[in-house]
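Enquirer: This is the structure, below, for whatever I ask next.
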Number of protein chains: 2
Amino acid sequence: MKAETDCLISRGEEPLNLEMPFSNLGSFLTPNESFYVRCHFPVPEIQIQDWRLQVHGSVGESLELSYEELRQMPSRTITATIECAGNGRSLLEPKVEGVAWGMGAVGNANWTGVLLSDVLDRAVVKGDALEAILQGADQGPIKEPPRPPGEIHYARSVPLGKTTGDVLLAWSMNGEPLTPRHGFPLRAVVPGWFGMASVKWLQRIVVTNEPFHGYYQSIDYAYWEQREGMPDLTPLREMQVKAQIARPAAGEVISARTEYRVYGAAWAAADEVAKVEVSSDGGATWAPAQLLNAPVKNAWRFWAFLWKTPAEPGNHALVARATDAAGRTQPRERLAEYGTYMINHWVPVEVQVR
Amino acid sequence: MKAETDCLISRGEEPLNLEMPFSNLGSFLTPNESFYVRCHFPVPEIQIQDWRLQVHGSVGESLELSYEELRQMPSRTITATIECAGNGRSLLEPKVEGVAWGMGAVGNANWTGVLLSDVLDRAVVKGDALEAILQGADQGPIKEPPRPPGEIHYARSVPLGKTTGDVLLAWSMNGEPLTPRHGFPLRAVVPGWFGMASVKWLQRIVVTNEPFHGYYQSIDYAYWEQREGMPDLTPLREMQVKAQIARPAAGEVISARTEYRVYGAAWAAADEVAKVEVSSDGGATWAPAQLLNAPVKNAWRFWAFLWKTPAEPGNHALVARATDAAGRTQPRERLAEYGTYMINHWVPVEVQVR
């Protein structure tokens with residue numbers, strides 16, 4: 001376990017929260033030991049022989065599947081980038097409450113498992129069903145009001161339209177069995193959505209014909225969408241288009257009159273990243289970066305930009321911004337409605353040229 | 001304005017919150033000057049010639065109605081008891097946050113106005129419409145997180161099934177024009193629902209085809225309903241069946257070996273109050289009270305119970321409980337899921353017999 005933590009920055013021990021130093025960005029697939037960890041409660045200790053996945057609610061046949069039974073179902077492997085909805089929070093001004101993530105609460109992996117839709121087909125979902133509530137084995141009390149009484153399990157719902165698509169119940173991450181902190185024995189992977197939807201330590205799926213408003217999609221992991229001029233509490237869902245600079249790091253000293261390779265990753269949700277641009281003057285002017293790999297559905301794209309550094313010494317603010325194939329791009333200013341989540345406005349990286 | 005306040009207990013000046021001393025319970029119709037006042041923001045100062053009721057959203061024809069135009073529509077008068085969802089909060093143990101209401105945040109009045117359904121008929125609601133959001137002119141910032149940014153208006157939605165029934169847009173209370181603190185020039189009256197639904201200073205109705213999750217039906221005025229063992233944030237709606245003792249007051253000294261007339265009111269929501277019982281031993285044994293008036297739809301019923309006080313001096317805990325025509329009754333213990341609202345468990349009134 002020690003080795004797994006060595007590559008990560010601790011953002012809390014109880015519950016365990018770890019992020020990758022984003023300047024370590026290297027391979028397209030994030031090594032498991034470098035992949036960020038987000039927990040809300042203690043990591044559950046699960047004995048595989050005792051564990052079952054329960055499926056019930058608006059279904060014709062309730063299921064109770066063992067790990068072996070799941071492993072015998074047809075499996076598939078997908079690539080998916082998962083970003084925590086609060087990634088970048090420590091960069092917000094003024095400071096806000098919540099886990100103080102830098103830029104490293106994001107990673108990309110190959111996930112192997114069974115499609116949620118295949119499991120639901122076995123349970124024969126009823127015609128009026130609307131959502132599947134995914135419940136984890138992790139549980140504990142909520143400390144801040146407004147809060148439900150007693151202990152609750154982490155839970156999140158996905159609409160059945162989404163689940164019939166590409167939601168995976170994964171037992172493997174980059175070819176290795178899930179480790180306890182990544183959700184052993186089974187976790188959801190909801191491609192394109194922020195990480196809070198990819199419920200770990202999955203133990204129960206409740207199919208429901210009414211929208212679910214659990215704690216983690218109302219009080220937490222929600223934002224105020226303006227509707228007819230009135231704020232409407234809306235669960236966080238899709239990741240927002242975003243480019244991040246891995247190198248240089250903030251404060252780095254760079255030689256004058258040279259070519260510096262600015263380097264990073266960019267990701268989006270429904271549509272692929274189509275363009276990344278870089279500014280070396282805080283966003284006044286922009287130049288296109290080079291996209292380094294062909295688009296892979298639901299995965300980030302690496303990019304680089306050769307910056308001809310100026311002759312004169314001075315401070316410079318590098319900014320990267322991405323645009324997806326549908327034309328969505330990053331806002332210049334932070335939107336107050338997003339609260340402490342969905343952080344994809346322009347964030348300058350200050351460097352010194354000498 | 002002074003006289004209107006004299007009969008009420010202040011529970012806050014800014015915003016203005018006033019309640020009736022429940023021991024003053026007298027007439028079936030609560031006098032306007034004794035009717036509780038609940039505000040969330042400063043009372044808006046509205047000039048009637050400038051005021052309009054806007055109706056828009058999923059409608060065939062947006063409306064902008066003046067006070068005179070509304071007054072020319074067919075009107076009706078209904079009786080409705082309105083109870084604040086937090087009525088009785090100061091009796092909770094342990095103490096909770098929120099306006100420290102005693103038992104007097106409840107009143108009964110005749111309300112005159114136009115049916116919401118008549119207004120919506122004029123606007124020609126579309127087939128996919130689901131709810132009507134009622135927005136007041138009162139506005140201000142929210143102080144405690146989680147909160148929407150900036151200033152918001154008070155707003156609450158009612159499902160269209162409900163609005164086609166008996167929701168009234170009232171301009172008159174017990175035959176008098178609404179006073180500013182009661183919602184001049186127009187307020188909603190949603191019979192059977194807690195007071196938070198009866199939006200005051202109504203200025204805008206937005207018909208919507210998606211469920212609304214505004215601040216006052218998610219962060220505030222909501223509770224945790226247990227659904228498949230998972231807490232589900234649910235807007236407060238129907239009042240809960242409840243009897244309150246007006247006399248004796250807590251701590252009152254009562255003669256031994258006499259007949260004391262215990263007296264109070266009881267109310268419910270969808271079904272009328274069918275039975276009130278009184279206990280003089282903290283809930284161990286119960287005897288029926290007499291219902292003093294015939295049931296009036298959506299209004300409280302007064303009741304009395306002749307208590308033959310014991311010969312020996314001592315302390316006694318009087319408790320009243322109501323049962324509605326559908327058999328719903330009051331729980332013995334407080335339900336934690338209700339948070340700081342829906343307070344209808346047995347509440348003993350301690351008195352001394354001498």
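Here's how to read the names in the structure tokens: chain A, B, ... by the order shown, residue numbers from 1 in each chain, ligand numbers from 1 in the order shown.
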Could you please tell me, as a PyMOL selection string, which residues of chain A have an atom within 7 Å of chain B when using only C-alpha atoms?

Expert: chain A and resi 148-149+212-214+224+231-233+336-337

Enquirer: Excluding Val296 in chain A and its own-chain neighbours fewer than 3 positions away, which residues fall within 9 Å of it when counting only C-alpha atoms? Please give them as a PyMOL selection string.

Expert: chain A and resi 79-80+272+293+299-301

Enquirer: Could you take the residues named above and write them with N, CA and C atoms, as a CSV table (one decimal), in the first residue's frame?

Expert:
```
chain,number,residue,atom,x,y,z
A,79,THR,N,-11.9,2.6,-22.6
A,79,THR,CA,-11.0,3.7,-22.0
A,79,THR,C,-11.9,4.8,-21.5
A,80,ALA,N,-11.6,5.3,-20.4
A,80,ALA,CA,-12.4,6.5,-19.9
A,80,ALA,C,-11.5,7.3,-19.0
A,272,GLU,N,-15.7,15.0,-28.7
A,272,GLU,CA,-14.2,14.9,-28.5
A,272,GLU,C,-13.6,16.3,-28.5
A,293,ASN,N,-2.3,12.9,-29.9
A,293,ASN,CA,-2.8,11.5,-30.2
A,293,ASN,C,-4.2,11.7,-30.9
A,299,ALA,N,-11.8,9.6,-23.8
A,299,ALA,CA,-10.5,9.7,-23.2
A,299,ALA,C,-9.9,11.1,-23.4
A,300,TRP,N,-8.9,11.5,-22.6
A,300,TRP,CA,-8.3,12.7,-22.8
A,300,TRP,C,-7.4,12.7,-24.0
A,301,ARG,N,-7.0,13.9,-24.5
A,301,ARG,CA,-6.0,14.0,-25.6
A,301,ARG,C,-4.8,14.8,-25.0
```

Enquirer: Can you pull out every residue within 7 Å of Trp346 in chain B, counting only C-alpha atoms, but drop anything in the same chain fewer than 5 positions away, and send it as a PDB file with C-alpha atoms, in the first residue's frame?

Expert:
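Below is the file that was written, out23.pdb:
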```pdb
ATOM      1  CA  VAL B 319     -51.355  15.269  25.485  1.00  0.00           C
ATOM      2  CA  ARG B 321     -53.669  13.591  19.402  1.00  0.00           C
ATOM      3  CA  GLN B 330     -49.727  11.395  15.157  1.00  0.00           C
ATOM      4  CA  PRO B 331     -46.507   9.504  15.949  1.00  0.00           C
ATOM      5  CA  ARG B 332     -45.443   9.130  19.559  1.00  0.00           C
ATOM      6  CA  GLU B 333     -41.814   9.978  18.815  1.00  0.00           C
TER       7      GLU B 333
END
```

Enquirer: If we count only C-alpha atoms, what is near Pro180 in chain B at a cut-off of 10 Å, once residues fewer than 4 positions away on the same chain are taken out, given as a list in words?

Expert: Met1, Val43, Pro44, Glu45, Ile46, Phe184, Pro185, Leu186, Lys200 and Trp201 of chain B

Enquirer: To one decimal place in Å, what is the distance between CA of Asn87 in chain A and CA of Ser280 in chain A?

Expert: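 Atom-to-atom, CA of Asn87 in chain A and CA of Ser280 in chain A are spaced 23.1 Å apart.
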
Enquirer: Could I have chain A as a compact mmCIF listing (two decimals) with C-alpha atoms, in the first residue's frame after it is superimposed on chain B by least squares, pairing all C-alpha atoms in sequence order?

Expert:
```txt
# COMPACT_ATOMS: atom_id res chain seq x y z
CA MET A 1 -49.25 48.69 11.87
CA LYS A 2 -48.60 48.80 15.60
CA ALA A 3 -51.98 47.40 16.47
CA GLU A 4 -51.46 44.50 14.10
CA THR A 5 -48.34 43.45 15.99
CA ASP A 6 -49.63 43.89 19.52
CA CYS A 7 -51.48 40.58 19.47
CA LEU A 8 -48.48 38.64 18.19
CA ILE A 9 -45.20 37.29 19.57
CA SER A 10 -42.13 38.44 17.65
CA ARG A 11 -39.84 35.70 16.38
CA GLY A 12 -37.66 38.11 14.42
CA GLU A 13 -37.70 41.61 12.99
CA GLU A 14 -35.56 41.25 9.88
CA PRO A 15 -37.10 39.31 8.28
CA LEU A 16 -40.39 39.81 10.08
CA ASN A 17 -41.71 36.68 11.82
CA LEU A 18 -44.68 36.82 14.18
CA GLU A 19 -46.89 34.21 15.78
CA MET A 20 -50.15 34.14 17.68
CA PRO A 21 -49.94 33.12 21.35
CA PHE A 22 -51.78 29.82 20.83
CA SER A 23 -53.49 30.19 24.21
CA ASN A 24 -55.40 33.09 22.58
CA LEU A 25 -57.19 30.63 20.29
CA GLY A 26 -60.74 31.90 20.07
CA SER A 27 -62.76 32.16 16.89
CA PHE A 28 -62.91 29.64 14.07
CA LEU A 29 -61.62 32.36 11.72
CA THR A 30 -58.36 33.81 13.02
CA PRO A 31 -58.56 37.62 13.06
CA ASN A 32 -56.17 39.11 10.50
CA GLU A 33 -54.27 40.98 13.22
CA SER A 34 -53.69 37.67 15.07
CA PHE A 35 -52.66 35.61 12.03
CA TYR A 36 -49.02 34.51 12.05
CA VAL A 37 -46.57 36.18 9.68
CA ARG A 38 -43.68 34.37 8.00
CA CYS A 39 -41.21 36.32 5.86
CA HIS A 40 -37.90 35.29 4.32
CA PHE A 41 -36.84 38.74 3.10
CA PRO A 42 -38.01 42.31 3.74
CA VAL A 43 -41.71 42.87 3.03
CA PRO A 44 -41.79 44.24 -0.54
CA GLU A 45 -43.34 47.66 -1.04
CA ILE A 46 -45.61 47.24 -4.02
CA GLN A 47 -47.40 50.07 -5.86
CA ILE A 48 -50.58 48.58 -7.20
CA GLN A 49 -50.52 50.61 -10.42
CA ASP A 50 -47.06 49.23 -11.29
CA TRP A 51 -47.76 45.65 -10.26
CA ARG A 52 -48.53 42.92 -12.82
CA LEU A 53 -48.95 39.16 -12.57
CA GLN A 54 -46.85 37.58 -15.33
CA VAL A 55 -47.72 34.12 -16.59
CA HIS A 56 -45.37 32.45 -19.07
CA GLY A 57 -43.38 29.31 -19.85
CA SER A 58 -45.13 26.24 -21.33
CA VAL A 59 -48.25 28.19 -22.29
CA GLY A 60 -49.86 29.10 -25.57
CA GLU A 61 -50.30 32.72 -24.56
CA SER A 62 -48.16 34.63 -22.06
CA LEU A 63 -50.17 36.90 -19.81
CA GLU A 64 -49.53 40.10 -17.94
CA LEU A 65 -52.50 40.81 -15.72
CA SER A 66 -53.12 43.99 -13.76
CA TYR A 67 -54.78 43.95 -10.35
CA GLU A 68 -57.99 45.29 -11.91
CA GLU A 69 -58.02 42.60 -14.59
CA LEU A 70 -57.64 39.89 -11.94
CA ARG A 71 -60.41 41.39 -9.83
CA GLN A 72 -62.73 41.23 -12.84
CA MET A 73 -62.26 37.47 -13.19
CA PRO A 74 -64.76 35.12 -11.49
CA SER A 75 -63.81 34.94 -7.82
CA ARG A 76 -64.45 32.46 -5.08
CA THR A 77 -63.99 32.34 -1.33
CA ILE A 78 -62.54 29.33 0.45
CA THR A 79 -61.69 28.59 4.05
CA ALA A 80 -58.19 27.27 4.63
CA THR A 81 -56.05 26.62 7.67
CA ILE A 82 -52.40 27.38 7.01
CA GLU A 83 -49.67 26.09 9.28
CA CYS A 84 -46.00 26.95 8.97
CA ALA A 85 -43.97 23.78 8.36
CA GLY A 86 -41.80 24.73 11.34
CA ASN A 87 -44.67 25.36 13.76
CA GLY A 88 -43.75 23.85 17.14
CA ARG A 89 -40.02 23.93 16.45
CA SER A 90 -39.12 25.49 19.82
CA LEU A 91 -40.60 22.39 21.49
CA LEU A 92 -38.05 20.07 19.85
CA GLU A 93 -35.40 18.43 21.99
CA PRO A 94 -32.52 18.75 21.34
CA LYS A 95 -32.88 22.35 20.14
CA VAL A 96 -32.50 22.94 16.40
CA GLU A 97 -31.74 25.93 14.21
CA GLY A 98 -34.44 27.97 12.51
CA VAL A 99 -37.16 30.42 13.58
CA ALA A 100 -38.09 29.38 17.14
CA TRP A 101 -41.84 29.01 16.64
CA GLY A 102 -44.03 28.04 19.56
CA MET A 103 -47.44 26.62 18.66
CA GLY A 104 -48.93 29.75 17.10
CA ALA A 105 -47.60 29.67 13.53
CA VAL A 106 -50.99 28.44 12.37
CA GLY A 107 -54.24 30.22 11.51
CA ASN A 108 -57.50 29.80 9.67
CA ALA A 109 -59.07 32.37 7.35
CA ASN A 110 -61.49 32.91 4.52
CA TRP A 111 -59.57 33.69 1.36
CA THR A 112 -61.10 35.35 -1.69
CA GLY A 113 -59.48 35.36 -5.10
CA VAL A 114 -59.30 33.68 -8.46
CA LEU A 115 -58.51 30.01 -9.02
CA LEU A 116 -55.01 29.39 -10.33
CA SER A 117 -56.59 26.97 -12.79
CA ASP A 118 -58.72 29.79 -14.24
CA VAL A 119 -55.62 31.92 -14.81
CA LEU A 120 -53.79 28.98 -16.37
CA ASP A 121 -56.76 28.26 -18.62
CA ARG A 122 -56.52 31.81 -19.95
CA ALA A 123 -52.83 31.21 -20.68
CA VAL A 124 -53.61 27.89 -22.44
CA VAL A 125 -51.20 25.49 -20.73
CA LYS A 126 -49.37 23.15 -23.11
CA GLY A 127 -49.85 19.40 -23.00
CA ASP A 128 -46.38 18.57 -21.63
CA ALA A 129 -46.61 21.03 -18.73
CA LEU A 130 -45.91 19.55 -15.31
CA GLU A 131 -45.71 22.28 -12.67
CA ALA A 132 -46.44 25.94 -12.05
CA ILE A 133 -43.63 27.81 -10.31
CA LEU A 134 -45.05 30.59 -8.12
CA GLN A 135 -42.58 33.43 -7.63
CA GLY A 136 -42.93 36.19 -5.04
CA ALA A 137 -41.68 39.77 -5.29
CA ASP A 138 -39.70 39.26 -2.07
CA GLN A 139 -36.00 38.75 -2.63
CA GLY A 140 -32.61 38.76 -1.01
CA PRO A 141 -29.38 36.82 -0.54
CA ILE A 142 -29.15 33.40 1.10
CA LYS A 143 -26.63 33.37 3.94
CA GLU A 144 -25.90 29.73 4.75
CA PRO A 145 -24.36 27.27 2.28
CA PRO A 146 -25.33 25.43 0.19
CA ARG A 147 -26.76 28.54 -1.42
CA PRO A 148 -27.31 29.97 -4.87
CA PRO A 149 -25.21 33.03 -5.74
CA GLY A 150 -26.58 36.57 -5.60
CA GLU A 151 -30.13 37.44 -4.64
CA ILE A 152 -33.06 35.14 -5.23
CA HIS A 153 -36.80 35.52 -5.12
CA TYR A 154 -38.92 33.32 -2.92
CA ALA A 155 -40.45 30.68 -5.22
CA ARG A 156 -42.24 27.36 -4.91
CA SER A 157 -43.82 25.05 -7.45
CA VAL A 158 -47.14 23.20 -7.37
CA PRO A 159 -47.89 20.25 -9.65
CA LEU A 160 -50.51 21.01 -12.27
CA GLY A 161 -52.69 18.21 -10.93
CA LYS A 162 -52.92 20.17 -7.70
CA THR A 163 -53.40 23.54 -9.38
CA THR A 164 -56.33 22.31 -11.44
CA GLY A 165 -57.94 21.68 -8.09
CA ASP A 166 -58.21 24.25 -5.40
CA VAL A 167 -55.17 26.54 -5.42
CA LEU A 168 -56.36 30.11 -5.03
CA LEU A 169 -54.68 33.38 -5.93
CA ALA A 170 -56.12 35.50 -3.15
CA TRP A 171 -56.40 39.26 -2.77
CA SER A 172 -58.57 39.17 0.33
CA MET A 173 -58.31 37.66 3.79
CA ASN A 174 -61.44 37.45 5.92
CA GLY A 175 -63.12 40.04 3.71
CA GLU A 176 -60.32 42.61 3.96
CA PRO A 177 -57.73 43.39 1.29
CA LEU A 178 -54.41 41.67 2.03
CA THR A 179 -52.08 43.76 4.17
CA PRO A 180 -48.45 44.09 3.03
CA ARG A 181 -47.22 41.49 5.52
CA HIS A 182 -49.80 38.97 4.35
CA GLY A 183 -48.81 39.30 0.70
CA PHE A 184 -50.45 42.40 -0.80
CA PRO A 185 -51.58 42.57 -3.53
CA LEU A 186 -51.82 38.82 -4.29
CA ARG A 187 -50.82 35.59 -2.62
CA ALA A 188 -51.28 31.93 -3.31
CA VAL A 189 -53.31 29.79 -0.93
CA VAL A 190 -52.54 26.08 -1.36
CA PRO A 191 -55.11 24.33 0.84
CA GLY A 192 -53.85 21.34 2.77
CA TRP A 193 -50.19 22.18 2.28
CA PHE A 194 -47.85 23.77 4.75
CA GLY A 195 -47.63 27.55 4.50
CA MET A 196 -44.38 27.61 2.47
CA ALA A 197 -46.43 26.72 -0.64
CA SER A 198 -48.78 29.71 -0.24
CA VAL A 199 -46.38 32.17 -1.89
CA LYS A 200 -46.99 35.80 -0.91
CA TRP A 201 -46.47 38.95 -3.04
CA LEU A 202 -47.04 36.82 -6.10
CA GLN A 203 -45.66 38.41 -9.28
CA ARG A 204 -44.85 35.62 -11.68
CA ILE A 205 -46.09 32.16 -12.62
CA VAL A 206 -43.79 30.04 -14.77
CA VAL A 207 -45.36 26.90 -16.24
CA THR A 208 -42.68 24.27 -16.70
CA ASN A 209 -42.38 20.79 -18.16
CA GLU A 210 -39.57 19.73 -15.82
CA PRO A 211 -39.72 19.38 -12.04
CA PHE A 212 -38.39 22.49 -10.30
CA HIS A 213 -35.80 22.19 -7.52
CA GLY A 214 -35.61 25.76 -6.28
CA TYR A 215 -33.92 26.67 -3.02
CA TYR A 216 -37.17 26.61 -1.04
CA GLN A 217 -38.07 23.09 -2.09
CA SER A 218 -34.65 21.45 -1.89
CA ILE A 219 -32.18 23.03 0.52
CA ASP A 220 -35.00 24.54 2.58
CA TYR A 221 -38.53 23.20 3.16
CA ALA A 222 -37.55 19.64 2.29
CA TYR A 223 -37.03 16.45 4.29
CA TRP A 224 -35.37 13.09 3.91
CA GLU A 225 -37.86 10.49 2.82
CA GLN A 226 -36.54 6.95 3.17
CA ARG A 227 -36.68 5.21 -0.18
CA GLU A 228 -35.41 1.64 -0.37
CA GLY A 229 -33.36 2.48 2.72
CA MET A 230 -31.81 5.53 1.09
CA PRO A 231 -32.61 9.12 2.09
CA ASP A 232 -34.28 10.99 -0.77
CA LEU A 233 -34.58 14.79 -0.51
CA THR A 234 -38.30 15.53 -0.88
CA PRO A 235 -40.11 18.89 -0.84
CA LEU A 236 -42.46 19.43 2.10
CA ARG A 237 -46.05 19.44 0.96
CA GLU A 238 -49.11 18.28 2.91
CA MET A 239 -49.69 19.35 6.49
CA GLN A 240 -49.56 16.44 8.92
CA VAL A 241 -52.54 15.54 11.09
CA LYS A 242 -52.16 17.37 14.40
CA ALA A 243 -54.04 18.46 17.53
CA GLN A 244 -52.77 21.31 19.69
CA ILE A 245 -53.84 22.24 23.21
CA ALA A 246 -54.61 25.96 23.56
CA ARG A 247 -55.71 25.79 27.21
CA PRO A 248 -54.35 25.01 29.71
CA ALA A 249 -51.01 26.58 28.88
CA ALA A 250 -47.81 24.83 29.94
CA GLY A 251 -47.14 25.37 33.65
CA GLU A 252 -50.71 26.38 34.44
CA VAL A 253 -51.96 25.64 37.95
CA ILE A 254 -55.29 23.80 38.00
CA SER A 255 -57.57 23.05 40.93
CA ALA A 256 -57.80 19.50 42.21
CA ARG A 257 -61.09 17.62 42.15
CA THR A 258 -62.75 19.82 39.51
CA GLU A 259 -63.72 19.71 35.84
CA TYR A 260 -61.24 21.58 33.66
CA ARG A 261 -62.14 22.20 30.02
CA VAL A 262 -59.08 21.27 27.94
CA TYR A 263 -59.51 23.07 24.64
CA GLY A 264 -57.75 23.30 21.31
CA ALA A 265 -57.76 22.87 17.56
CA ALA A 266 -56.86 20.04 15.19
CA TRP A 267 -56.19 19.97 11.47
CA ALA A 268 -55.11 17.61 8.72
CA ALA A 269 -54.65 17.72 4.93
CA ALA A 270 -56.42 15.53 2.37
CA ASP A 271 -58.88 14.01 4.85
CA GLU A 272 -60.81 15.72 7.61
CA VAL A 273 -60.04 15.37 11.30
CA ALA A 274 -62.23 12.50 12.48
CA LYS A 275 -61.14 12.09 16.09
CA VAL A 276 -59.25 13.91 18.83
CA GLU A 277 -58.17 12.16 22.02
CA VAL A 278 -56.68 13.53 25.20
CA SER A 279 -54.39 11.87 27.72
CA SER A 280 -53.73 13.23 31.19
CA ASP A 281 -50.96 10.75 31.95
CA GLY A 282 -48.44 11.56 29.23
CA GLY A 283 -49.94 9.20 26.68
CA ALA A 284 -50.48 6.00 28.69
CA THR A 285 -54.28 6.18 28.48
CA TRP A 286 -56.55 8.20 26.20
CA ALA A 287 -60.13 9.48 26.22
CA PRO A 288 -62.07 11.00 23.33
CA ALA A 289 -62.50 14.78 23.10
CA GLN A 290 -65.64 16.41 21.74
CA LEU A 291 -65.38 17.94 18.27
CA LEU A 292 -67.01 21.37 18.51
CA ASN A 293 -67.80 22.19 14.90
CA ALA A 294 -68.82 20.23 11.84
CA PRO A 295 -65.92 19.55 9.46
CA VAL A 296 -65.15 22.33 6.95
CA LYS A 297 -62.93 21.22 4.09
CA ASN A 298 -59.31 22.35 4.58
CA ALA A 299 -60.11 24.04 7.91
CA TRP A 300 -59.24 23.16 11.46
CA ARG A 301 -61.75 21.74 13.94
CA PHE A 302 -62.02 22.95 17.50
CA TRP A 303 -62.34 20.39 20.26
CA ALA A 304 -62.79 20.25 24.03
CA PHE A 305 -62.32 17.66 26.75
CA LEU A 306 -63.69 17.85 30.27
CA TRP A 307 -60.87 16.71 32.50
CA LYS A 308 -61.91 15.50 35.96
CA THR A 309 -58.82 16.59 37.81
CA PRO A 310 -57.49 14.25 40.51
CA ALA A 311 -57.92 14.75 44.23
CA GLU A 312 -54.22 14.65 45.00
CA PRO A 313 -51.90 17.51 44.07
CA GLY A 314 -49.19 16.72 41.56
CA ASN A 315 -47.81 17.31 38.06
CA HIS A 316 -49.64 16.00 35.03
CA ALA A 317 -48.72 15.79 31.36
CA LEU A 318 -51.66 16.51 29.07
CA VAL A 319 -51.35 15.28 25.51
CA ALA A 320 -53.77 15.63 22.59
CA ARG A 321 -53.65 13.60 19.41
CA ALA A 322 -55.77 13.72 16.27
CA THR A 323 -56.70 11.06 13.72
CA ASP A 324 -57.99 11.87 10.24
CA ALA A 325 -60.77 10.12 8.32
CA ALA A 326 -58.21 7.92 6.54
CA GLY A 327 -56.82 6.71 9.87
CA ARG A 328 -53.59 8.74 9.85
CA THR A 329 -52.58 9.75 13.35
CA GLN A 330 -49.70 11.40 15.16
CA PRO A 331 -46.49 9.52 15.94
CA ARG A 332 -45.43 9.15 19.55
CA GLU A 333 -41.79 10.00 18.82
CA ARG A 334 -40.22 12.59 16.63
CA LEU A 335 -39.03 11.26 13.25
CA ALA A 336 -35.41 12.30 12.64
CA GLU A 337 -35.99 12.37 8.86
CA TYR A 338 -38.26 15.37 9.27
CA GLY A 339 -35.34 17.55 10.36
CA THR A 340 -36.65 20.85 11.68
CA TYR A 341 -40.08 20.56 10.00
CA MET A 342 -43.37 18.62 10.12
CA ILE A 343 -43.56 18.60 13.90
CA ASN A 344 -46.60 16.51 14.83
CA HIS A 345 -45.39 13.96 17.39
CA TRP A 346 -47.02 13.87 20.82
CA VAL A 347 -46.10 16.99 22.75
CA PRO A 348 -47.09 16.91 26.43
CA VAL A 349 -48.28 20.08 28.16
CA GLU A 350 -47.13 19.93 31.79
CA VAL A 351 -49.55 21.35 34.36
CA GLN A 352 -49.76 21.39 38.17
CA VAL A 353 -52.82 20.19 40.02
CA ARG A 354 -53.23 21.80 43.47
```

Enquirer: Could you give me, as a list in words, each residue of range 89-205 of chain B that DSSP assigns to alpha helix (DSSP H) when run on this structure's backbone?

Expert: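 Alpha helix (DSSP H) members of range 89-205 of chain B, listed: Leu116, Ser117, Asp118, Val119, Leu120, Asp121, Arg122, Ala123, Leu160, Gly161, Lys162 and Thr163 of chain B.
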
Enquirer: Take the residues just selected and output them with C-alpha atoms as a compact mmCIF listing (two decimals), in the first residue's frame.

Expert:
```txt
# COMPACT_ATOMS: atom_id res chain seq x y z
CA LEU B 116 -55.00 29.40 -10.33
CA SER B 117 -56.58 26.98 -12.81
CA ASP B 118 -58.73 29.80 -14.25
CA VAL B 119 -55.62 31.93 -14.81
CA LEU B 120 -53.78 28.99 -16.37
CA ASP B 121 -56.76 28.26 -18.62
CA ARG B 122 -56.50 31.81 -19.95
CA ALA B 123 -52.81 31.22 -20.69
CA LEU B 160 -50.50 21.01 -12.26
CA GLY B 161 -52.70 18.19 -10.93
CA LYS B 162 -52.91 20.17 -7.73
CA THR B 163 -53.40 23.52 -9.38
```

Enquirer: Let's see if you can do this: from backbone DSSP, list all strand (DSSP E) residues in range 192-284 of chain A, as a PyMOL selection string.

Expert: chain A and resi 202-208+222-227+230-235+242-247+253-254+259-267+273-279
